[in-house]
$ cat final.cif   # mmCIF, C-alpha atoms
data_structure
#
loop_
_atom_site.label_atom_id
_atom_site.label_comp_id
_atom_site.auth_asym_id
_atom_site.auth_seq_id
_atom_site.Cartn_x
_atom_site.Cartn_y
_atom_site.Cartn_z
CA MET A 1373 32.49 22.65 2.46
CA TYR A 1374 30.90 25.96 1.57
CA VAL A 1375 28.09 27.10 3.83
CA ARG A 1376 27.23 30.15 1.74
CA ASP A 1377 26.70 30.29 -2.01
CA THR A 1378 29.50 31.37 -4.34
CA SER A 1379 29.13 32.62 -7.90
CA GLN A 1380 30.09 29.09 -9.08
CA GLY A 1381 27.88 26.91 -6.93
CA TYR A 1382 25.43 26.58 -4.04
CA GLY A 1383 26.57 26.27 -0.46
CA VAL A 1384 25.35 23.49 1.80
CA VAL A 1385 22.46 25.50 3.26
CA SER A 1386 20.97 26.31 -0.13
CA ARG A 1387 21.46 22.73 -1.28
CA LEU A 1388 19.72 21.30 1.79
CA PHE A 1389 16.84 23.73 1.25
CA HIS A 1390 16.60 22.81 -2.41
CA TRP A 1391 16.65 19.03 -2.12
CA SER A 1392 14.48 18.77 0.99
CA MET A 1393 11.94 21.04 -0.73
CA ALA A 1394 12.14 18.88 -3.86
CA ILE A 1395 11.38 15.74 -1.86
CA ALA A 1396 8.63 17.53 0.08
CA ILE A 1397 6.91 18.81 -3.09
CA PHE A 1398 6.69 15.44 -4.81
CA ALA A 1399 5.92 13.50 -1.62
CA MET A 1400 3.20 15.94 -0.54
CA PHE A 1401 1.64 15.88 -3.98
CA ALA A 1402 1.49 12.07 -4.00
CA LEU A 1403 0.20 12.00 -0.42
CA GLY A 1404 -2.45 14.60 -1.22
CA VAL A 1405 -3.71 12.84 -4.33
CA TRP A 1406 -3.81 9.52 -2.50
CA MET A 1407 -5.35 10.62 0.80
CA VAL A 1408 -8.50 12.11 -0.75
CA THR A 1409 -9.35 8.72 -2.26
CA LEU A 1410 -9.27 6.91 1.10
CA ASP A 1411 -12.30 5.05 2.31
CA TYR A 1412 -13.84 6.28 5.57
CA TYR A 1413 -12.88 3.04 7.32
CA SER A 1414 -9.26 3.12 6.04
CA PRO A 1415 -6.73 3.10 8.92
CA TYR A 1416 -5.04 6.07 7.20
CA TYR A 1417 -8.22 8.16 6.89
CA ASN A 1418 -7.18 10.45 9.75
CA ALA A 1419 -3.43 9.77 9.86
CA ALA A 1420 -2.71 10.73 6.23
CA PRO A 1421 -4.30 14.21 6.41
CA ASN A 1422 -2.71 14.76 9.84
CA PHE A 1423 0.70 14.04 8.33
CA HIS A 1424 -0.03 16.14 5.23
CA ARG A 1425 -1.15 19.10 7.34
CA SER A 1426 1.84 18.86 9.70
CA LEU A 1427 4.41 18.40 6.97
CA GLY A 1428 2.84 21.22 4.96
CA ILE A 1429 3.47 23.78 7.68
CA LEU A 1430 7.22 23.07 7.89
CA PRO A 1431 8.12 24.19 4.32
CA LEU A 1432 5.98 27.29 4.82
CA ILE A 1433 8.46 28.26 7.51
CA GLY A 1434 11.33 26.84 5.41
CA LEU A 1435 10.32 28.85 2.37
CA LEU A 1436 10.46 32.15 4.23
CA VAL A 1437 13.88 31.34 5.69
CA ARG A 1438 15.04 30.21 2.26
CA TRP A 1439 13.96 33.51 0.70
CA LEU A 1440 15.96 35.39 3.31
CA TRP A 1441 18.96 33.13 2.75
CA ARG A 1442 18.75 33.55 -1.02
CA ALA A 1443 18.43 37.32 -0.73
CA THR A 1444 21.53 37.58 1.47
CA ASN A 1445 23.73 35.32 -0.66
CA VAL A 1446 25.58 36.11 -3.91
CA LYS A 1447 23.76 35.40 -7.13
CA LEU A 1448 25.11 32.54 -9.19
CA SER A 1449 26.48 33.24 -12.63
CA SER A 1450 24.11 32.46 -15.49
CA ASP A 1451 26.55 33.36 -18.28
CA ASP A 1452 26.29 30.00 -19.98
CA LEU A 1453 22.53 30.39 -20.54
CA SER A 1454 20.92 31.94 -23.60
CA PRO A 1455 18.75 35.01 -22.95
CA PHE A 1456 15.66 32.86 -23.49
CA GLU A 1457 16.87 30.16 -21.07
CA ARG A 1458 17.71 32.79 -18.48
CA LYS A 1459 14.24 34.30 -18.72
CA ALA A 1460 12.58 30.89 -18.62
CA ALA A 1461 14.63 29.87 -15.59
CA HIS A 1462 13.79 33.11 -13.76
CA ALA A 1463 10.09 32.72 -14.55
CA THR A 1464 10.05 29.08 -13.40
CA HIS A 1465 11.94 29.77 -10.18
CA GLY A 1466 9.87 32.87 -9.38
CA GLY A 1467 6.68 31.03 -10.30
CA LEU A 1468 7.60 28.10 -8.07
CA TYR A 1469 8.25 30.36 -5.07
CA VAL A 1470 5.03 32.33 -5.45
CA LEU A 1471 2.92 29.25 -6.19
CA MET A 1472 4.38 27.25 -3.31
CA LEU A 1473 3.54 30.07 -0.95
CA GLY A 1474 0.01 30.13 -2.43
CA LEU A 1475 -0.17 26.36 -2.10
CA MET A 1476 0.69 26.41 1.58
CA ILE A 1477 -1.57 29.36 2.40
CA SER A 1478 -4.52 27.77 0.60
CA GLY A 1479 -3.84 24.49 2.41
CA TYR A 1480 -3.77 26.31 5.74
CA LEU A 1481 -7.12 27.91 4.84
CA ILE A 1482 -8.75 24.50 4.23
CA SER A 1483 -8.11 23.48 7.84
CA THR A 1484 -8.54 26.68 9.84
CA PRO A 1485 -11.64 28.73 8.84
CA ASP A 1486 -13.68 27.00 11.58
CA GLY A 1487 -11.34 28.58 14.14
CA GLN A 1488 -9.34 25.40 14.82
CA PRO A 1489 -5.54 25.54 14.90
CA ILE A 1490 -3.30 23.19 12.89
CA ASP A 1491 -1.42 20.77 15.07
CA VAL A 1492 2.09 20.11 13.73
CA PHE A 1493 3.15 16.58 14.78
CA GLY A 1494 2.04 17.46 18.31
CA TRP A 1495 5.05 19.81 18.59
CA PHE A 1496 3.22 23.11 18.27
CA GLU A 1497 0.03 24.59 16.92
CA VAL A 1498 -0.48 27.16 14.17
CA PRO A 1499 -3.40 29.35 15.21
CA PRO A 1500 -6.28 30.20 12.86
CA ILE A 1501 -6.29 33.74 11.48
CA ILE A 1502 -9.49 33.96 9.44
CA LYS A 1503 -12.76 32.51 10.71
CA MET A 1504 -15.11 32.33 7.74
CA PRO A 1505 -17.61 29.52 7.10
CA GLY A 1506 -17.38 28.18 3.56
CA LEU A 1507 -13.86 29.49 2.91
CA GLU A 1508 -12.51 25.93 3.14
CA SER A 1509 -14.21 24.90 -0.10
CA SER A 1510 -12.82 27.82 -2.14
CA ALA A 1511 -9.41 27.25 -0.55
CA GLY A 1512 -9.69 23.59 -1.55
CA TYR A 1513 -10.25 24.41 -5.23
CA ILE A 1514 -7.31 26.78 -5.26
CA HIS A 1515 -5.10 24.31 -3.37
CA ARG A 1516 -5.78 21.59 -5.94
CA ILE A 1517 -5.22 23.81 -8.98
CA ILE A 1518 -1.98 25.28 -7.60
CA ALA A 1519 -0.76 21.77 -6.69
CA TYR A 1520 -1.07 20.62 -10.30
CA VAL A 1521 0.64 23.77 -11.61
CA VAL A 1522 3.49 23.43 -9.08
CA ILE A 1523 4.05 19.81 -10.07
CA ALA A 1524 4.03 20.78 -13.76
CA LEU A 1525 6.62 23.50 -13.09
CA ALA A 1526 8.72 21.17 -10.94
CA VAL A 1527 8.75 18.58 -13.73
CA LEU A 1528 9.66 21.30 -16.24
CA HIS A 1529 12.44 22.47 -13.91
CA THR A 1530 13.72 18.87 -13.56
CA LEU A 1531 13.67 18.24 -17.31
CA ALA A 1532 15.49 21.53 -17.94
CA ALA A 1533 18.18 20.62 -15.38
CA LEU A 1534 18.65 17.17 -16.96
CA LYS A 1535 18.83 18.70 -20.43
CA HIS A 1536 21.54 21.13 -19.31
CA HIS A 1537 23.45 18.36 -17.59
CA PHE A 1538 23.31 15.64 -20.23
CA VAL A 1539 22.80 17.53 -23.49
CA ASP A 1540 24.61 20.80 -22.88
CA LYS A 1541 27.16 19.23 -20.47
CA SER A 1542 26.84 22.34 -18.27
CA GLN A 1543 27.60 22.57 -14.52
CA ILE A 1544 24.05 23.59 -13.62
CA LEU A 1545 23.09 20.30 -11.92
CA ASN A 1546 26.54 19.74 -10.37
CA ARG A 1547 26.56 23.10 -8.64
CA MET A 1548 23.26 22.26 -6.91
CA TRP A 1549 24.30 18.66 -6.14
CA PHE A 1550 28.02 18.93 -5.32
CA GLY A 1551 28.19 22.67 -4.60
CA PRO A 1552 30.92 25.03 -5.77
CA PRO A 1553 34.03 23.41 -7.34
CA ARG A 1554 37.10 23.16 -5.08
CA PRO A 1555 39.26 26.31 -4.86
CA ALA A 1556 42.27 24.47 -6.37
CA ILE A 1557 40.32 24.01 -9.56
CA ASN A 1558 38.57 27.33 -9.34
CA PRO A 1559 40.77 30.10 -7.86
CA GLU A 1560 37.85 32.55 -7.82
CA GLY A 1561 36.03 30.53 -5.18
CA GLU A 1562 35.96 31.60 -1.54
CA SER A 1563 38.26 29.88 0.92
CA HIS A 1564 36.70 27.73 3.55
CA MET B 1352 -87.76 39.78 3.35
CA LYS B 1353 -85.58 40.45 0.35
CA ILE B 1354 -83.53 42.87 2.39
CA VAL B 1355 -83.10 40.27 5.13
CA MET B 1356 -81.94 37.68 2.57
CA THR B 1357 -79.42 40.11 1.13
CA ALA B 1358 -78.12 40.97 4.56
CA PHE B 1359 -77.80 37.27 5.38
CA ALA B 1360 -75.95 36.59 2.13
CA ALA B 1361 -73.66 39.53 2.79
CA ALA B 1362 -72.98 38.27 6.32
CA ALA B 1363 -72.25 34.77 5.01
CA PHE B 1364 -69.95 36.19 2.38
CA ALA B 1365 -68.15 38.31 4.93
CA SER B 1366 -67.75 35.33 7.24
CA ALA B 1367 -66.38 33.27 4.34
CA LEU B 1368 -63.89 36.06 3.70
CA THR B 1369 -62.71 36.10 7.29
CA THR B 1370 -62.32 32.31 7.24
CA VAL B 1371 -59.99 32.67 4.25
CA ALA B 1372 -58.19 35.52 5.95
CA THR B 1373 -57.43 33.48 9.08
CA ALA B 1374 -55.30 31.02 7.03
CA ALA B 1375 -52.55 33.54 7.40
CA ASP B 1376 -49.26 33.64 5.56
CA TYR B 1377 -46.08 33.52 7.56
CA VAL B 1378 -42.49 34.16 6.70
CA VAL B 1379 -39.97 32.01 8.54
CA ASP B 1380 -37.89 34.25 10.78
CA THR B 1381 -34.45 33.52 9.37
CA LYS B 1382 -33.46 37.18 9.63
CA ASN B 1383 -33.29 37.03 13.40
CA ALA B 1384 -32.57 33.29 13.33
CA HIS B 1385 -35.56 31.88 15.16
CA ALA B 1386 -35.40 28.92 12.86
CA SER B 1387 -32.89 26.24 11.93
CA VAL B 1388 -32.46 23.31 9.56
CA ASN B 1389 -30.61 20.63 11.47
CA PHE B 1390 -29.39 17.17 10.64
CA ARG B 1391 -27.79 14.37 12.53
CA ILE B 1392 -26.21 11.15 11.42
CA LYS B 1393 -24.67 8.31 13.38
CA HIS B 1394 -20.88 8.26 13.53
CA LEU B 1395 -19.59 4.67 13.35
CA GLY B 1396 -22.70 3.68 15.25
CA PHE B 1397 -21.09 5.16 18.38
CA SER B 1398 -22.56 8.65 18.57
CA TRP B 1399 -24.64 11.31 16.78
CA LEU B 1400 -22.91 13.83 14.58
CA ALA B 1401 -24.95 17.02 14.32
CA GLY B 1402 -24.86 19.79 11.77
CA ARG B 1403 -27.10 22.33 10.12
CA PHE B 1404 -27.65 24.46 7.06
CA ASP B 1405 -27.00 28.07 7.98
CA LYS B 1406 -28.78 29.68 5.03
CA PHE B 1407 -32.34 28.95 4.08
CA SER B 1408 -35.65 30.70 3.66
CA GLY B 1409 -39.26 29.64 3.99
CA THR B 1410 -42.89 30.56 4.07
CA PHE B 1411 -45.96 28.80 5.37
CA SER B 1412 -49.67 29.34 5.73
CA TYR B 1413 -51.41 28.22 8.86
CA ASP B 1414 -54.88 28.37 10.32
CA ASP B 1415 -55.32 26.92 13.77
CA LYS B 1416 -59.04 26.34 12.99
CA ASN B 1417 -58.15 24.29 9.93
CA PRO B 1418 -54.58 23.01 10.25
CA ASP B 1419 -55.04 20.50 7.39
CA ALA B 1420 -55.12 23.44 4.95
CA SER B 1421 -51.64 24.50 5.99
CA LYS B 1422 -48.84 24.74 3.47
CA VAL B 1423 -45.11 25.06 3.87
CA LYS B 1424 -42.21 25.70 1.55
CA ILE B 1425 -38.55 25.77 2.55
CA GLU B 1426 -35.56 26.49 0.35
CA ILE B 1427 -32.09 25.57 1.61
CA ASP B 1428 -28.69 26.79 0.41
CA THR B 1429 -26.74 23.52 0.54
CA THR B 1430 -23.37 25.31 0.38
CA SER B 1431 -24.12 26.67 3.86
CA VAL B 1432 -23.73 23.23 5.43
CA ASN B 1433 -22.04 23.58 8.81
CA SER B 1434 -20.94 20.72 11.03
CA ASN B 1435 -18.50 22.86 13.01
CA HIS B 1436 -15.46 21.36 11.26
CA ALA B 1437 -14.10 23.10 8.15
CA GLU B 1438 -12.50 20.06 6.54
CA ARG B 1439 -15.64 17.96 6.99
CA ASP B 1440 -17.83 20.76 5.63
CA LYS B 1441 -15.58 20.95 2.57
CA HIS B 1442 -16.08 17.23 2.08
CA LEU B 1443 -19.84 17.48 2.63
CA ARG B 1444 -19.99 20.00 -0.23
CA ALA B 1445 -17.81 17.82 -2.51
CA ALA B 1446 -18.99 15.76 -5.47
CA ASP B 1447 -19.29 12.45 -3.57
CA LEU B 1448 -21.67 13.90 -0.96
CA LEU B 1449 -23.95 16.94 -1.44
CA ASP B 1450 -22.22 18.06 -4.68
CA THR B 1451 -23.19 21.65 -4.00
CA ASP B 1452 -21.58 22.96 -7.20
CA LYS B 1453 -24.20 21.06 -9.18
CA PHE B 1454 -26.99 21.15 -6.60
CA PRO B 1455 -26.71 24.38 -4.60
CA THR B 1456 -30.35 24.30 -3.50
CA ALA B 1457 -32.53 21.82 -1.66
CA THR B 1458 -36.27 22.42 -1.35
CA PHE B 1459 -39.20 21.04 0.56
CA GLU B 1460 -42.73 21.79 -0.53
CA SER B 1461 -45.72 20.32 1.24
CA THR B 1462 -48.41 18.51 -0.71
CA GLY B 1463 -50.73 17.69 2.17
CA VAL B 1464 -51.12 18.10 5.92
CA LYS B 1465 -53.00 15.72 8.14
CA SER B 1466 -53.44 16.69 11.75
CA SER B 1467 -53.92 14.02 14.39
CA SER B 1468 -54.49 16.52 17.22
CA PRO B 1469 -54.48 20.30 17.50
CA GLU B 1470 -50.73 20.13 18.18
CA LYS B 1471 -49.61 17.30 15.91
CA ALA B 1472 -49.66 16.62 12.20
CA THR B 1473 -47.94 14.70 9.46
CA ILE B 1474 -46.81 16.86 6.56
CA SER B 1475 -46.39 15.07 3.24
CA GLY B 1476 -44.32 16.78 0.64
CA LYS B 1477 -41.63 16.68 -1.95
CA LEU B 1478 -38.03 17.03 -0.89
CA THR B 1479 -35.49 17.84 -3.58
CA LEU B 1480 -31.95 17.10 -2.46
CA HIS B 1481 -28.88 16.34 -4.58
CA GLY B 1482 -31.06 16.85 -7.65
CA VAL B 1483 -33.43 14.03 -6.64
CA THR B 1484 -37.05 14.71 -5.73
CA LYS B 1485 -38.71 12.25 -3.35
CA ASP B 1486 -41.89 12.11 -1.33
CA VAL B 1487 -41.15 12.43 2.37
CA VAL B 1488 -43.31 12.64 5.46
CA ILE B 1489 -42.45 15.07 8.24
CA GLU B 1490 -43.78 14.43 11.72
CA ALA B 1491 -44.65 17.95 12.82
CA GLN B 1492 -45.58 19.46 16.12
CA ARG B 1493 -46.85 22.92 16.92
CA VAL B 1494 -44.70 24.41 19.66
CA GLY B 1495 -46.72 27.55 20.25
CA GLY B 1496 -47.99 30.78 18.83
CA GLY B 1497 -49.52 34.13 19.63
CA LYS B 1498 -48.77 37.79 19.89
CA ASP B 1499 -45.09 38.54 20.33
CA PRO B 1500 -43.99 41.38 22.66
CA TRP B 1501 -43.13 43.68 19.72
CA GLY B 1502 -46.49 44.06 17.98
CA GLY B 1503 -46.30 41.05 15.70
CA TYR B 1504 -47.87 37.60 15.63
CA ARG B 1505 -45.89 34.38 15.46
CA ASP B 1506 -46.40 30.66 15.21
CA GLY B 1507 -43.72 28.04 15.66
CA PHE B 1508 -43.31 24.40 14.73
CA THR B 1509 -40.82 21.60 14.81
CA GLY B 1510 -40.71 18.72 12.36
CA THR B 1511 -38.56 15.64 11.84
CA THR B 1512 -38.02 13.17 9.05
CA THR B 1513 -35.46 10.46 8.29
CA LEU B 1514 -33.84 10.04 4.89
CA LYS B 1515 -31.78 7.32 3.32
CA LEU B 1516 -28.77 8.95 1.64
CA ALA B 1517 -28.88 6.38 -1.18
CA ASP B 1518 -32.50 7.35 -1.98
CA PHE B 1519 -31.19 10.76 -2.94
CA GLY B 1520 -28.34 9.41 -5.02
CA ILE B 1521 -25.65 10.18 -2.42
CA SER B 1522 -23.33 7.26 -2.95
CA ARG B 1523 -20.43 7.95 -0.58
CA ASP B 1524 -20.04 5.02 1.78
CA LEU B 1525 -19.87 6.38 5.33
CA GLY B 1526 -20.16 2.93 6.83
CA PRO B 1527 -22.99 0.59 7.77
CA PHE B 1528 -24.25 2.77 10.63
CA SER B 1529 -24.38 5.98 8.65
CA LYS B 1530 -26.77 5.32 5.80
CA GLU B 1531 -29.63 7.39 7.19
CA VAL B 1532 -29.77 10.99 8.28
CA GLU B 1533 -32.34 12.65 10.52
CA LEU B 1534 -33.52 16.09 9.45
CA THR B 1535 -35.15 18.44 11.94
CA LEU B 1536 -36.72 21.73 11.01
CA ASP B 1537 -37.38 24.24 13.74
CA VAL B 1538 -39.31 27.18 12.39
CA GLU B 1539 -40.89 30.27 13.82
CA GLY B 1540 -42.97 32.27 11.33
CA ILE B 1541 -43.99 35.90 11.52
CA LYS B 1542 -47.53 36.55 10.34
CA GLN B 1543 -47.54 38.89 7.37
#
$ encode --input "final.cif" --output "structure tokens"
Amino acid sequence: MYVRDTSQGYGVVSRLFHWSMAIAIFAMFALGVWMVTLDYYSPYYNAAPNFHRSLGILPLIGLLVRWLWRATNVKLSSDDLSPFERKAAHATHGGLYVLMLGLMISGYLISTPDGQPIDVFGWFEVPPIIKMPGLESSAGYIHRIIAYVVIALAVLHTLAALKHHFVDKSQILNRMWFGPPRPAINPEGESH
Amino acid sequence: MKIVMTAFAAAAFASALTTVATAADYVVDTKNAHASVNFRIKHLGFSWLAGRFDKFSGTFSYDDKNPDASKVKIEIDTTSVNSNHAERDKHLRAADLLDTDKFPTATFESTGVKSSSPEKATISGKLTLHGVTKDVVIEAQRVGGGKDPWGGYRDGFTGTTTLKLADFGISRDLGPFSKEVELTLDVEGIKQ
């Protein structure tokens, strides 16, 4: 099993980052849309936002580590993409990273401008940085708008991956799901 | 005789003028925050939840010889709602509660004052909140007044009224114990 990425596929670290982030994005979106509709007397009225807040902090840390990991690994080949597809893929990936960071920062700013920390599953607390009455409402608008854009991009990204896999019969989905092909098949791959 | 009559008329006129002048105009001292607009509402029927509006302005006229001629006008910036919890304040501003995007201002303007003693009065007036204007009655009490130590003259009052949220078109169900909110205005005015 490859830990690091090769030019032909993603190593296990990148794949874990990718798929856990994918689950987190869709799950957090659904949780967020649902939790704001809860009745005051719902048993989940406090638990759902607590979970959303806690789970939201983890990918913020994950995202930064993932950036570092991505920057220190080899870039995968994109030879089988047209120039347009390559540009679109770059824009979507870059957009997703920037927007997800914006999503998490805006979420953090909904909970903390009163000077209260965010408690993460009771494990640790993220301290407030900016104390500013009223900031939570602006942060809330931004959080909601970014959430919809991120989901739209994630769906676009999913559809593009499925198109490449089923229509173009390319390795794009396999190299994120299975990782790099075995060295016997692909002599260029690193040994492990 | 004619001269005496003229002098008498002049004296009467002058005294009438001074009577008008004693119904002095005051500006509520929001600049140095000797005033507050507070509310409290029962939480689950177990306790009182208190909050306030941080930004507001007001003027009143007051004559201790004729308190029934007093007038008061207060304008409140509803976006400045502050219950010392950012996420709750965000919700208070949202569409299902104060809807401050649509209704950023609440006003109270007195229509009549009836004093029951030199220190107590009921102030009738129109309160506009959440875009709905309703007649309300504030039970008011004079706290004190006189020369301040810095060359000015001040008078201060406190007043309380109770509102039904539904009367003002606020439909969010906060539970059976939280349908009414108590509003308390503490104001100190500086004579102009």
$ interface_residues --input "final.cif" --of "chain A" --to "chain B" --cutoff "10 Å" --atoms "only C-alpha atoms" --output "list of chain:residue names"
A:Val1408, A:Asp1411, A:Tyr1412, A:Tyr1413, A:Leu1481, A:Ile1482, A:Ser1483, A:Thr1484, A:Pro1485, A:Asp1486, A:Gly1487, A:Gln1488, A:Lys1503, A:Met1504, A:Pro1505, A:Gly1506, A:Leu1507, A:Glu1508, A:Ser1509, A:Ser1510, A:Ala1511, A:Gly1512
$ residues_around --input "final.cif" --residues "B:Lys1485" --least-positions-apart "5" --cutoff "12 Å" --atoms "all atoms listed in the file" --output "list in words"
Ala1457, Thr1458, Phe1459, Glu1460, Ser1461, Thr1462, Ser1475, Gly1476, Lys1477, Leu1478, Thr1479, Leu1480, Leu1514, Lys1515, Leu1516, Ala1517, Asp1518, Phe1519 and Gly1520 of chain B
$ closest_residue --input "final.cif" --among "A:Tyr1382, A:Pro1499, A:Ile1523, A:Ile1518" --to "A:Ala1399" --atoms "all atoms listed in the file"
A:Ile1523
$ residues_around --input "final.cif" --residues "stretch 1415-1424 of chain B" --least-positions-apart "2" --cutoff "7 Å" --atoms "only C-alpha atoms" --output "list in words"
Gly1409, Thr1410, Phe1411, Ser1412, Tyr1413, Glu1426, Phe1459, Glu1460, Ser1461, Val1464, Lys1465 and Ser1466 of chain B
$ write_last_selection --input "final.cif" --atoms "C-alpha atoms" --output "short mmCIF file (atom, residue, chain, number, x, y, z; two decimals), keeping the file's coordinate frame"
data_model
loop_
_atom_site.label_atom_id
_atom_site.label_comp_id
_atom_site.auth_asym_id
_atom_site.auth_seq_id
_atom_site.Cartn_x
_atom_site.Cartn_y
_atom_site.Cartn_z
CA GLY B 1409 -39.26 29.64 3.99
CA THR B 1410 -42.89 30.56 4.07
CA PHE B 1411 -45.96 28.80 5.37
CA SER B 1412 -49.67 29.34 5.73
CA TYR B 1413 -51.41 28.22 8.86
CA GLU B 1426 -35.56 26.49 0.35
CA PHE B 1459 -39.20 21.04 0.56
CA GLU B 1460 -42.73 21.79 -0.53
CA SER B 1461 -45.72 20.32 1.24
CA VAL B 1464 -51.12 18.10 5.92
CA LYS B 1465 -53.00 15.72 8.14
CA SER B 1466 -53.44 16.69 11.75
#
$ residues_near_point --input "final.cif" --point "(-28.9, 19.6, -9.0)" --cutoff "12 Å" --atoms "all atoms listed in the file" --output "PyMOL selection string"
chain B and resi 1428-1429+1446+1449-1458+1479-1484+1519-1521
$ write_last_selection --input "final.cif" --atoms "C-alpha atoms" --output "PDB file, in the frame of the given file"
ATOM      1  CA  ASP B1428     -28.690  26.790   0.410  1.00  0.00           C
ATOM      2  CA  THR B1429     -26.740  23.520   0.540  1.00  0.00           C
ATOM      3  CA  ALA B1446     -18.990  15.760  -5.470  1.00  0.00           C
ATOM      4  CA  LEU B1449     -23.950  16.940  -1.440  1.00  0.00           C
ATOM      5  CA  ASP B1450     -22.220  18.060  -4.680  1.00  0.00           C
ATOM      6  CA  THR B1451     -23.190  21.650  -4.000  1.00  0.00           C
ATOM      7  CA  ASP B1452     -21.580  22.960  -7.200  1.00  0.00           C
ATOM      8  CA  LYS B1453     -24.200  21.060  -9.180  1.00  0.00           C
ATOM      9  CA  PHE B1454     -26.990  21.150  -6.600  1.00  0.00           C
ATOM     10  CA  PRO B1455     -26.710  24.380  -4.600  1.00  0.00           C
ATOM     11  CA  THR B1456     -30.350  24.300  -3.500  1.00  0.00           C
ATOM     12  CA  ALA B1457     -32.530  21.820  -1.660  1.00  0.00           C
ATOM     13  CA  THR B1458     -36.270  22.420  -1.350  1.00  0.00           C
ATOM     14  CA  THR B1479     -35.490  17.840  -3.580  1.00  0.00           C
ATOM     15  CA  LEU B1480     -31.950  17.100  -2.460  1.00  0.00           C
ATOM     16  CA  HIS B1481     -28.880  16.340  -4.580  1.00  0.00           C
ATOM     17  CA  GLY B1482     -31.060  16.850  -7.650  1.00  0.00           C
ATOM     18  CA  VAL B1483     -33.430  14.030  -6.640  1.00  0.00           C
ATOM     19  CA  THR B1484     -37.050  14.710  -5.730  1.00  0.00           C
ATOM     20  CA  PHE B1519     -31.190  10.760  -2.940  1.00  0.00           C
ATOM     21  CA  GLY B1520     -28.340   9.410  -5.020  1.00  0.00           C
ATOM     22  CA  ILE B1521     -25.650  10.180  -2.420  1.00  0.00           C
TER      23      ILE B1521
END
$ residues_around --input "final.cif" --residues "A:Gln1380" --least-positions-apart "6" --cutoff "7 Å" --atoms "all atoms listed in the file" --output "ChimeraX atom specification"
/A:1448-1449,1547,1552
$ resolve_selection --input "final.cif" --expression "the PyMOL selection byres ((chain B and resi 1375) around 8)" --output "VMD selection string"
chain B and resid 1372 to 1374 1376 to 1377 1412 to 1414 1542 to 1543
$ closest_residue --input "final.cif" --among "A:Val1375, A:Leu1427, A:Leu1403, A:Leu1436" --to "A:Val1492" --atoms "all atoms listed in the file"
A:Leu1427
$ residues_near_point --input "final.cif" --point "(5.5, 29.9, 5.1)" --cutoff "12 Å" --atoms "all atoms listed in the file" --output "PyMOL selection string"
chain A and resi 1427-1440+1469-1480+1498
$ atom_distance --input "final.cif" --atom1 "atom CA of B:Thr1511" --atom2 "atom CA of B:Asn1389"
9.4 Å
$ resolve_selection --input "final.cif" --expression "the PyMOL selection byres ((chain B and resi 1387) around 12)" --output "PDB file with C-alpha atoms, in the coordinates of the input"
ATOM      1  CA  VAL B1379     -39.970  32.010   8.540  1.00  0.00           C
ATOM      2  CA  ASP B1380     -37.890  34.250  10.780  1.00  0.00           C
ATOM      3  CA  THR B1381     -34.450  33.520   9.370  1.00  0.00           C
ATOM      4  CA  LYS B1382     -33.460  37.180   9.630  1.00  0.00           C
ATOM      5  CA  ASN B1383     -33.290  37.030  13.400  1.00  0.00           C
ATOM      6  CA  ALA B1384     -32.570  33.290  13.330  1.00  0.00           C
ATOM      7  CA  HIS B1385     -35.560  31.880  15.160  1.00  0.00           C
ATOM      8  CA  ALA B1386     -35.400  28.920  12.860  1.00  0.00           C
ATOM      9  CA  VAL B1388     -32.460  23.310   9.560  1.00  0.00           C
ATOM     10  CA  ASN B1389     -30.610  20.630  11.470  1.00  0.00           C
ATOM     11  CA  PHE B1390     -29.390  17.170  10.640  1.00  0.00           C
ATOM     12  CA  GLY B1402     -24.860  19.790  11.770  1.00  0.00           C
ATOM     13  CA  ARG B1403     -27.100  22.330  10.120  1.00  0.00           C
ATOM     14  CA  PHE B1404     -27.650  24.460   7.060  1.00  0.00           C
ATOM     15  CA  ASP B1405     -27.000  28.070   7.980  1.00  0.00           C
ATOM     16  CA  LYS B1406     -28.780  29.680   5.030  1.00  0.00           C
ATOM     17  CA  PHE B1407     -32.340  28.950   4.080  1.00  0.00           C
ATOM     18  CA  SER B1408     -35.650  30.700   3.660  1.00  0.00           C
ATOM     19  CA  GLY B1409     -39.260  29.640   3.990  1.00  0.00           C
ATOM     20  CA  ILE B1425     -38.550  25.770   2.550  1.00  0.00           C
ATOM     21  CA  GLU B1426     -35.560  26.490   0.350  1.00  0.00           C
ATOM     22  CA  ILE B1427     -32.090  25.570   1.610  1.00  0.00           C
ATOM     23  CA  SER B1431     -24.120  26.670   3.860  1.00  0.00           C
ATOM     24  CA  VAL B1432     -23.730  23.230   5.430  1.00  0.00           C
ATOM     25  CA  ASN B1433     -22.040  23.580   8.810  1.00  0.00           C
ATOM     26  CA  GLY B1507     -43.720  28.040  15.660  1.00  0.00           C
ATOM     27  CA  PHE B1508     -43.310  24.400  14.730  1.00  0.00           C
ATOM     28  CA  THR B1509     -40.820  21.600  14.810  1.00  0.00           C
ATOM     29  CA  GLY B1510     -40.710  18.720  12.360  1.00  0.00           C
ATOM     30  CA  LEU B1534     -33.520  16.090   9.450  1.00  0.00           C
ATOM     31  CA  THR B1535     -35.150  18.440  11.940  1.00  0.00           C
ATOM     32  CA  LEU B1536     -36.720  21.730  11.010  1.00  0.00           C
ATOM     33  CA  ASP B1537     -37.380  24.240  13.740  1.00  0.00           C
ATOM     34  CA  VAL B1538     -39.310  27.180  12.390  1.00  0.00           C
ATOM     35  CA  GLU B1539     -40.890  30.270  13.820  1.00  0.00           C
ATOM     36  CA  GLY B1540     -42.970  32.270  11.330  1.00  0.00           C
TER      37      GLY B1540
END
